[in-house]
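Structure below is my_file-v5.cif: mmCIF, C-alpha atoms.
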data_target
#
loop_
_atom_site.group_PDB
_atom_site.id
_atom_site.type_symbol
_atom_site.label_atom_id
_atom_site.label_comp_id
_atom_site.auth_asym_id
_atom_site.auth_seq_id
_atom_site.Cartn_x
_atom_site.Cartn_y
_atom_site.Cartn_z
ATOM 1 C CA MET O 1 18.398 18.254 -27.627
ATOM 2 C CA ASN O 2 16.461 20.473 -25.176
ATOM 3 C CA ILE O 3 14.785 17.398 -23.672
ATOM 4 C CA LYS O 4 18.203 15.906 -22.957
ATOM 5 C CA TYR O 5 19.348 19.033 -21.092
ATOM 6 C CA ALA O 6 16.060 19.248 -19.206
ATOM 7 C CA LEU O 7 16.389 15.619 -18.120
ATOM 8 C CA ILE O 8 19.981 16.193 -17.010
ATOM 9 C CA GLY O 9 18.845 19.243 -15.029
ATOM 10 C CA ILE O 10 16.096 17.261 -13.319
ATOM 11 C CA LEU O 11 18.480 14.440 -12.406
ATOM 12 C CA GLU O 12 21.003 16.930 -11.018
ATOM 13 C CA SER O 13 18.274 18.562 -8.910
ATOM 14 C CA ILE O 14 17.254 15.168 -7.538
ATOM 15 C CA ARG O 15 20.889 14.323 -6.761
ATOM 16 C CA ASP O 16 21.368 17.661 -4.962
ATOM 17 C CA PHE O 17 18.171 17.128 -2.966
ATOM 18 C CA MET O 18 19.252 13.620 -1.932
ATOM 19 C CA GLU O 19 22.717 14.864 -0.908
ATOM 20 C CA ALA O 20 21.236 17.728 1.123
ATOM 21 C CA GLY O 21 18.918 15.292 2.926
ATOM 22 C CA GLY O 22 21.650 12.903 3.975
ATOM 23 C CA PRO O 23 21.740 9.113 4.093
ATOM 24 C CA VAL O 24 18.379 8.761 5.850
ATOM 25 C CA LEU O 25 16.681 10.231 2.780
ATOM 26 C CA TRP O 26 17.863 7.209 0.758
ATOM 27 C CA ILE O 27 16.162 4.914 3.272
ATOM 28 C CA ILE O 28 12.951 6.942 2.971
ATOM 29 C CA LEU O 29 13.208 6.698 -0.819
ATOM 30 C CA ALA O 30 13.583 2.903 -0.635
ATOM 31 C CA THR O 31 10.602 2.692 1.727
ATOM 32 C CA ALA O 32 8.514 4.880 -0.578
ATOM 33 C CA PHE O 33 9.464 2.680 -3.526
ATOM 34 C CA MET O 34 8.407 -0.499 -1.686
ATOM 35 C CA MET O 35 5.203 1.173 -0.511
ATOM 36 C CA TRP O 36 4.227 2.280 -4.020
ATOM 37 C CA ILE O 37 5.039 -1.119 -5.513
ATOM 38 C CA LEU O 38 2.691 -2.656 -2.943
ATOM 39 C CA ILE O 39 -0.049 -0.077 -3.665
ATOM 40 C CA ILE O 40 0.192 -0.683 -7.406
ATOM 41 C CA GLU O 41 0.125 -4.458 -6.854
ATOM 42 C CA ARG O 42 -3.025 -4.210 -4.735
ATOM 43 C CA TYR O 43 -4.844 -2.106 -7.335
ATOM 44 C CA TRP O 44 -3.667 -4.524 -10.017
ATOM 45 C CA PHE O 45 -5.134 -7.369 -7.943
ATOM 46 C CA LEU O 46 -8.436 -5.528 -7.496
ATOM 47 C CA ARG O 47 -8.714 -4.821 -11.208
ATOM 48 C CA LEU O 48 -7.576 -8.126 -12.715
ATOM 49 C CA THR O 49 -7.496 -10.992 -10.202
ATOM 50 C CA TYR O 50 -10.394 -10.250 -7.859
ATOM 51 C CA PRO O 51 -13.197 -10.635 -10.457
ATOM 52 C CA ARG O 52 -11.878 -14.044 -11.493
ATOM 53 C CA LEU O 53 -11.510 -15.073 -7.837
ATOM 54 C CA VAL O 54 -15.144 -14.202 -7.092
ATOM 55 C CA LYS O 55 -16.345 -15.844 -10.281
ATOM 56 C CA ASP O 56 -14.572 -19.090 -9.347
ATOM 57 C CA ALA O 57 -15.958 -19.009 -5.796
ATOM 58 C CA VAL O 58 -19.521 -18.367 -7.019
ATOM 59 C CA ALA O 59 -19.183 -21.169 -9.567
ATOM 60 C CA GLN O 60 -17.904 -23.535 -6.882
ATOM 61 C CA TRP O 61 -20.822 -22.576 -4.640
ATOM 62 C CA ASN O 62 -23.417 -22.945 -7.395
ATOM 63 C CA GLN O 63 -22.132 -26.425 -8.258
ATOM 64 C CA ARG O 64 -23.237 -27.613 -4.831
ATOM 65 C CA SER O 65 -26.676 -29.103 -4.607
ATOM 66 C CA ASP O 66 -26.934 -28.448 -0.861
ATOM 67 C CA HIS O 67 -26.974 -24.791 0.224
ATOM 68 C CA HIS O 68 -28.866 -25.094 3.501
ATOM 69 C CA SER O 69 -27.036 -27.545 5.783
ATOM 70 C CA TRP O 70 -24.592 -26.559 8.478
ATOM 71 C CA TYR O 71 -21.791 -28.035 6.362
ATOM 72 C CA ALA O 72 -22.819 -25.937 3.353
ATOM 73 C CA HIS O 73 -22.761 -22.775 5.474
ATOM 74 C CA ARG O 74 -19.214 -23.588 6.634
ATOM 75 C CA ILE O 75 -18.128 -24.076 3.019
ATOM 76 C CA ARG O 76 -19.662 -20.713 2.141
ATOM 77 C CA ASP O 77 -17.850 -19.092 5.069
ATOM 78 C CA GLU O 78 -14.598 -20.655 3.890
ATOM 79 C CA LEU O 79 -15.073 -19.336 0.349
ATOM 80 C CA ILE O 80 -15.766 -15.823 1.657
ATOM 81 C CA SER O 81 -12.833 -16.059 4.078
ATOM 82 C CA ARG O 82 -10.477 -17.068 1.261
ATOM 83 C CA ILE O 83 -11.580 -14.058 -0.802
ATOM 84 C CA SER O 84 -11.254 -11.736 2.191
ATOM 85 C CA ALA O 85 -7.743 -13.000 2.949
ATOM 86 C CA GLN O 86 -6.689 -12.339 -0.647
ATOM 87 C CA LEU O 87 -8.218 -8.846 -0.574
ATOM 88 C CA HIS O 88 -6.536 -7.915 2.728
ATOM 89 C CA ARG O 89 -3.160 -9.451 1.845
ATOM 90 C CA GLY O 90 -0.341 -6.917 2.091
ATOM 91 C CA LEU O 91 -2.378 -4.231 3.858
ATOM 92 C CA ILE O 92 -0.594 -4.793 7.182
ATOM 93 C CA LEU O 93 2.776 -4.391 5.476
ATOM 94 C CA LEU O 94 1.500 -1.267 3.723
ATOM 95 C CA ASN O 95 0.324 0.234 7.024
ATOM 96 C CA THR O 96 3.684 -0.610 8.590
ATOM 97 C CA LEU O 97 5.589 1.138 5.802
ATOM 98 C CA VAL O 98 3.325 4.192 6.147
ATOM 99 C CA ALA O 99 3.960 4.303 9.897
ATOM 100 C CA LEU O 100 7.727 3.948 9.429
ATOM 101 C CA CYS O 101 8.085 6.972 7.151
ATOM 102 C CA PRO O 102 7.586 9.702 9.789
ATOM 103 C CA LEU O 103 9.824 7.772 12.172
ATOM 104 C CA MET O 104 12.583 7.664 9.571
ATOM 105 C CA GLY O 105 12.043 11.386 9.016
ATOM 106 C CA LEU O 106 12.577 11.881 12.737
ATOM 107 C CA LEU O 107 15.754 9.803 12.505
ATOM 108 C CA GLY O 108 16.908 12.150 9.738
ATOM 109 C CA THR O 109 16.213 15.114 12.011
ATOM 110 C CA VAL O 110 18.341 13.629 14.764
ATOM 111 C CA PHE O 111 21.093 12.754 12.280
ATOM 112 C CA GLY O 112 21.106 16.316 10.909
ATOM 113 C CA MET O 113 21.174 17.880 14.351
ATOM 114 C CA VAL O 114 24.124 15.691 15.312
ATOM 115 C CA GLN O 115 25.891 17.106 12.231
ATOM 116 C CA VAL O 116 25.098 20.652 13.402
ATOM 117 C CA PHE O 117 26.464 19.967 16.887
ATOM 118 C CA ASP O 118 29.588 18.359 15.421
ATOM 119 C CA ILE O 119 30.236 21.466 13.328
ATOM 120 C CA MET O 120 29.697 23.674 16.369
ATOM 121 C CA ALA O 121 32.086 21.543 18.434
ATOM 122 C CA ILE O 122 34.789 21.495 15.742
ATOM 123 C CA THR O 123 34.676 25.199 14.872
ATOM 124 C CA GLY O 124 33.865 26.408 18.351
ATOM 125 C CA SER O 125 31.309 28.867 17.021
ATOM 126 C CA GLY O 126 27.811 29.089 15.657
ATOM 127 C CA ASN O 127 28.801 29.875 12.061
ATOM 128 C CA ALA O 128 25.513 29.816 10.147
ATOM 129 C CA ARG O 129 27.081 28.861 6.818
ATOM 130 C CA LEU O 130 28.768 25.815 8.301
ATOM 131 C CA MET O 131 25.615 24.738 10.115
ATOM 132 C CA ALA O 132 23.344 25.118 7.054
ATOM 133 C CA SER O 133 24.107 21.671 5.627
ATOM 134 C CA GLY O 134 23.319 20.019 8.960
ATOM 135 C CA ILE O 135 20.092 21.956 9.302
ATOM 136 C CA SER O 136 18.968 20.960 5.806
ATOM 137 C CA MET O 137 19.943 17.393 6.645
ATOM 138 C CA ALA O 138 17.633 17.737 9.665
ATOM 139 C CA THR O 139 14.594 19.211 7.893
ATOM 140 C CA ILE O 140 14.526 17.556 4.471
ATOM 141 C CA PRO O 141 14.127 13.950 5.728
ATOM 142 C CA THR O 142 11.362 15.058 8.088
ATOM 143 C CA MET O 143 9.477 16.688 5.233
ATOM 144 C CA ALA O 144 10.079 13.728 2.912
ATOM 145 C CA GLY O 145 8.943 11.219 5.550
ATOM 146 C CA MET O 146 5.728 13.154 6.110
ATOM 147 C CA VAL O 147 4.961 13.515 2.392
ATOM 148 C CA VAL O 148 5.514 9.811 1.757
ATOM 149 C CA ALA O 149 3.458 8.862 4.816
ATOM 150 C CA LEU O 150 0.544 11.121 3.851
ATOM 151 C CA SER O 151 0.366 9.789 0.312
ATOM 152 C CA GLY O 152 0.609 6.214 1.583
ATOM 153 C CA LEU O 153 -1.998 6.826 4.279
ATOM 154 C CA TYR O 154 -4.583 7.918 1.723
ATOM 155 C CA PHE O 155 -4.092 4.867 -0.485
ATOM 156 C CA SER O 156 -3.876 2.534 2.498
ATOM 157 C CA ALA O 157 -7.268 3.727 3.724
ATOM 158 C CA ARG O 158 -8.771 3.423 0.219
ATOM 159 C CA LEU O 159 -7.443 -0.111 -0.200
ATOM 160 C CA LYS O 160 -8.803 -1.123 3.232
ATOM 161 C CA PHE O 161 -12.207 0.287 2.277
ATOM 162 C CA HIS O 162 -12.152 -1.568 -1.063
ATOM 163 C CA ALA O 163 -11.112 -4.823 0.619
ATOM 164 C CA ASP O 164 -13.937 -4.630 3.181
ATOM 165 C CA TYR O 165 -16.514 -3.557 0.605
ATOM 166 C CA LEU O 166 -15.551 -6.183 -1.962
ATOM 167 C CA THR O 167 -15.574 -8.896 0.707
ATOM 168 C CA GLN O 168 -19.183 -7.964 1.424
ATOM 169 C CA ILE O 169 -20.013 -7.959 -2.299
ATOM 170 C CA ALA O 170 -18.484 -11.430 -2.616
ATOM 171 C CA ALA O 171 -20.526 -12.626 0.361
ATOM 172 C CA ASP O 172 -23.668 -11.272 -1.289
ATOM 173 C CA ASN O 173 -22.817 -13.071 -4.538
ATOM 174 C CA ILE O 174 -22.436 -16.398 -2.757
ATOM 175 C CA GLN O 175 -26.079 -16.654 -1.800
ATOM 176 C CA ILE O 176 -27.409 -19.057 0.799
ATOM 177 C CA SER O 177 -30.754 -19.664 -0.848
ATOM 178 C CA ASP O 178 -30.937 -22.190 -3.617
ATOM 179 C CA THR O 179 -30.961 -19.876 -6.638
ATOM 180 C CA LYS O 180 -31.665 -22.678 -9.104
ATOM 181 C CA ALA O 181 -34.902 -23.567 -7.309
ATOM 182 C CA VAL O 182 -35.928 -19.916 -7.065
ATOM 183 C CA ARG O 183 -35.308 -19.351 -10.793
ATOM 184 C CA ASP O 184 -37.310 -22.465 -11.746
ATOM 185 C CA GLN O 185 -40.412 -21.284 -9.858
#

What would the structure in this file look like if it were written as structure tokens?
Amino acid sequence: MNIKYALIGILESIRDFMEAGGPVLWIILATAFMMWILIIERYWFLRLTYPRLVKDAVAQWNQRSDHHSWYAHRIRDELISRISAQLHRGLILLNTLVALCPLMGLLGTVFGMVQVFDIMAITGSGNARLMASGISMATIPTMAGMVVALSGLYFSARLKFHADYLTQIAADNIQISDTKAVRDQ
């Protein structure tokens, strides 16, 4: 029973936070959700799909009898390029979502300040209690946009590093020299 009340308390706190942040906070939440889905998908790809992709490319390369001609080098480049494209897929969208978060936080700041000025214009005074909701609507989205952007920036940089590194590993695995002839000697 205590877990139920704790969960209700957490959900109420989240609801209060979202209401205090205004409508822009919902947009930041949706952006964060999309960003994290993309991050999880990329790590899923790195863990499960990438090894099979490299294995297939190496097998395709090793089936060739010719590894030295100009044509063979272009096929190798194409195999590496295909792997690199798969590794880098979605990183531009991820970087775009990361860059949008602080901008949406800034939009929340402007939206909150407009609320403060509306309250000041309606009441004709600088009543601090009336302005408090507008000020929280100005600061909470800014903070949320920065937190989401910072967390996304870290994982975006890590995924870019992994994509570049694993592309090089794949290129090293698709060797130019004829490995069958080297092993036979």

What are the closest atom pairs, with distances in Å to one decimal, for all residues of stretch 44-133 of chain O lying within 9 Å of stretch 142-166 of chain O? Consider all atoms listed in the file, order rows by chain and residue number, and present the result as a Markdown table.
| residue | atom | partner | partner_atom | distance |
| --- | --- | --- | --- | --- |
| O:Leu46 | CA | O:His162 | CA | 8.4 |
| O:Tyr50 | CA | O:Leu166 | CA | 8.8 |
| O:Ile83 | CA | O:Leu166 | CA | 8.9 |
| O:Ser84 | CA | O:Ala163 | CA | 7.1 |
| O:Gln86 | CA | O:Ala163 | CA | 8.8 |
| O:Leu87 | CA | O:Ala163 | CA | 5.1 |
| O:His88 | CA | O:Ala163 | CA | 5.9 |
| O:Leu91 | CA | O:Ser156 | CA | 7.1 |
| O:Leu94 | CA | O:Ser156 | CA | 6.7 |
| O:Asn95 | CA | O:Ser156 | CA | 6.6 |
| O:Leu97 | CA | O:Ala149 | CA | 8.1 |
| O:Val98 | CA | O:Ala149 | CA | 4.9 |
| O:Ala99 | CA | O:Ala149 | CA | 6.8 |
| O:Leu100 | CA | O:Ala149 | CA | 8.0 |
| O:Cys101 | CA | O:Gly145 | CA | 4.6 |
| O:Pro102 | CA | O:Gly145 | CA | 4.7 |
| O:Leu103 | CA | O:Gly145 | CA | 7.5 |
| O:Met104 | CA | O:Gly145 | CA | 6.5 |
| O:Gly105 | CA | O:Thr142 | CA | 3.8 |
| O:Leu106 | CA | O:Thr142 | CA | 5.8 |
| O:Leu107 | CA | O:Thr142 | CA | 8.1 |
| O:Gly108 | CA | O:Thr142 | CA | 6.5 |
| O:Thr109 | CA | O:Thr142 | CA | 6.2 |

Writing out the chosen residues with C-alpha atoms as a short mmCIF file (atom, residue, chain, number, x, y, z; two decimals), keeping the file's coordinate frame:
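Just written: result-v9.cif:
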data_model
loop_
_atom_site.label_atom_id
_atom_site.label_comp_id
_atom_site.auth_asym_id
_atom_site.auth_seq_id
_atom_site.Cartn_x
_atom_site.Cartn_y
_atom_site.Cartn_z
CA LEU O 46 -8.44 -5.53 -7.50
CA TYR O 50 -10.39 -10.25 -7.86
CA ILE O 83 -11.58 -14.06 -0.80
CA SER O 84 -11.25 -11.74 2.19
CA GLN O 86 -6.69 -12.34 -0.65
CA LEU O 87 -8.22 -8.85 -0.57
CA HIS O 88 -6.54 -7.92 2.73
CA LEU O 91 -2.38 -4.23 3.86
CA LEU O 94 1.50 -1.27 3.72
CA ASN O 95 0.32 0.23 7.02
CA LEU O 97 5.59 1.14 5.80
CA VAL O 98 3.32 4.19 6.15
CA ALA O 99 3.96 4.30 9.90
CA LEU O 100 7.73 3.95 9.43
CA CYS O 101 8.09 6.97 7.15
CA PRO O 102 7.59 9.70 9.79
CA LEU O 103 9.82 7.77 12.17
CA MET O 104 12.58 7.66 9.57
CA GLY O 105 12.04 11.39 9.02
CA LEU O 106 12.58 11.88 12.74
CA LEU O 107 15.75 9.80 12.50
CA GLY O 108 16.91 12.15 9.74
CA THR O 109 16.21 15.11 12.01
#

Separation of atom CA of O:Glu19 from atom CA of O:Phe111 in Å: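 Those two atoms sit 13.5 Å apart.
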
Nearest candidate to O:Val116 (options O:Ala171, O:Gly134, O:Arg129, O:Phe17; using all atoms listed in the file):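 Under the stated criterion, the closest residue is O:Gly134.
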
Atom pair atom CA of O:Asp118 / atom CA of O:Ile14: separation (Å):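 Separation of atom CA of O:Asp118 and atom CA of O:Ile14: 26.3 Å.
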
Residue nearest O:Ile169 among O:Ile8, O:Met34, O:Ile27, O:Val54 (counting all atoms listed in the file):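 Going through O:Ile8, O:Met34, O:Ile27, O:Val54 one by one, the smallest distance to O:Ile169 is for O:Val54.
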
Residue contacts of O:Ile80 (9 Å, only C-alpha atoms) excluding same-chain residues fewer than 6 positions away, as a list of chain:residue names: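 So, after excluding close chain neighbours, the residues are O:Val54, O:Ala57, O:Thr167, O:Gln168, O:Ala170, O:Ala171, O:Ile174.
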
Between atom CA of O:Gln60 and atom CA of O:Ile40, distance in Å (one decimal):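 Answer for the atom CA of O:Gln60 to atom CA of O:Ile40 separation: 29.2 Å.
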
Explicit residues for the PyMOL selection byres ((chain O and resi 136) around 9) (as a list of chain:residue names):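 Taken on the displayed file, the PyMOL selection byres ((chain O and resi 136) around 9) yields the residues O:Ala20, O:Gly21, O:Gly22, O:Thr109, O:Gly112, O:Met131, O:Ala132, O:Ser133, O:Gly134, O:Ile135, O:Met137, O:Ala138, O:Thr139, O:Ile140, O:Pro141.
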
Selection to disk with C-alpha atoms, as a short mmCIF file (atom, residue, chain, number, x, y, z; two decimals), in the frame of the given file:
data_model
loop_
_atom_site.label_atom_id
_atom_site.label_comp_id
_atom_site.auth_asym_id
_atom_site.auth_seq_id
_atom_site.Cartn_x
_atom_site.Cartn_y
_atom_site.Cartn_z
CA ALA O 20 21.24 17.73 1.12
CA GLY O 21 18.92 15.29 2.93
CA GLY O 22 21.65 12.90 3.98
CA THR O 109 16.21 15.11 12.01
CA GLY O 112 21.11 16.32 10.91
CA MET O 131 25.62 24.74 10.12
CA ALA O 132 23.34 25.12 7.05
CA SER O 133 24.11 21.67 5.63
CA GLY O 134 23.32 20.02 8.96
CA ILE O 135 20.09 21.96 9.30
CA MET O 137 19.94 17.39 6.64
CA ALA O 138 17.63 17.74 9.66
CA THR O 139 14.59 19.21 7.89
CA ILE O 140 14.53 17.56 4.47
CA PRO O 141 14.13 13.95 5.73
#

Nearest to O:Leu53, chosen from O:Arg82, O:Asn127, O:Met18, O:Arg89, with only C-alpha atoms counted in the distances: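 Distance minimum relative to O:Leu53 lands on O:Arg82.
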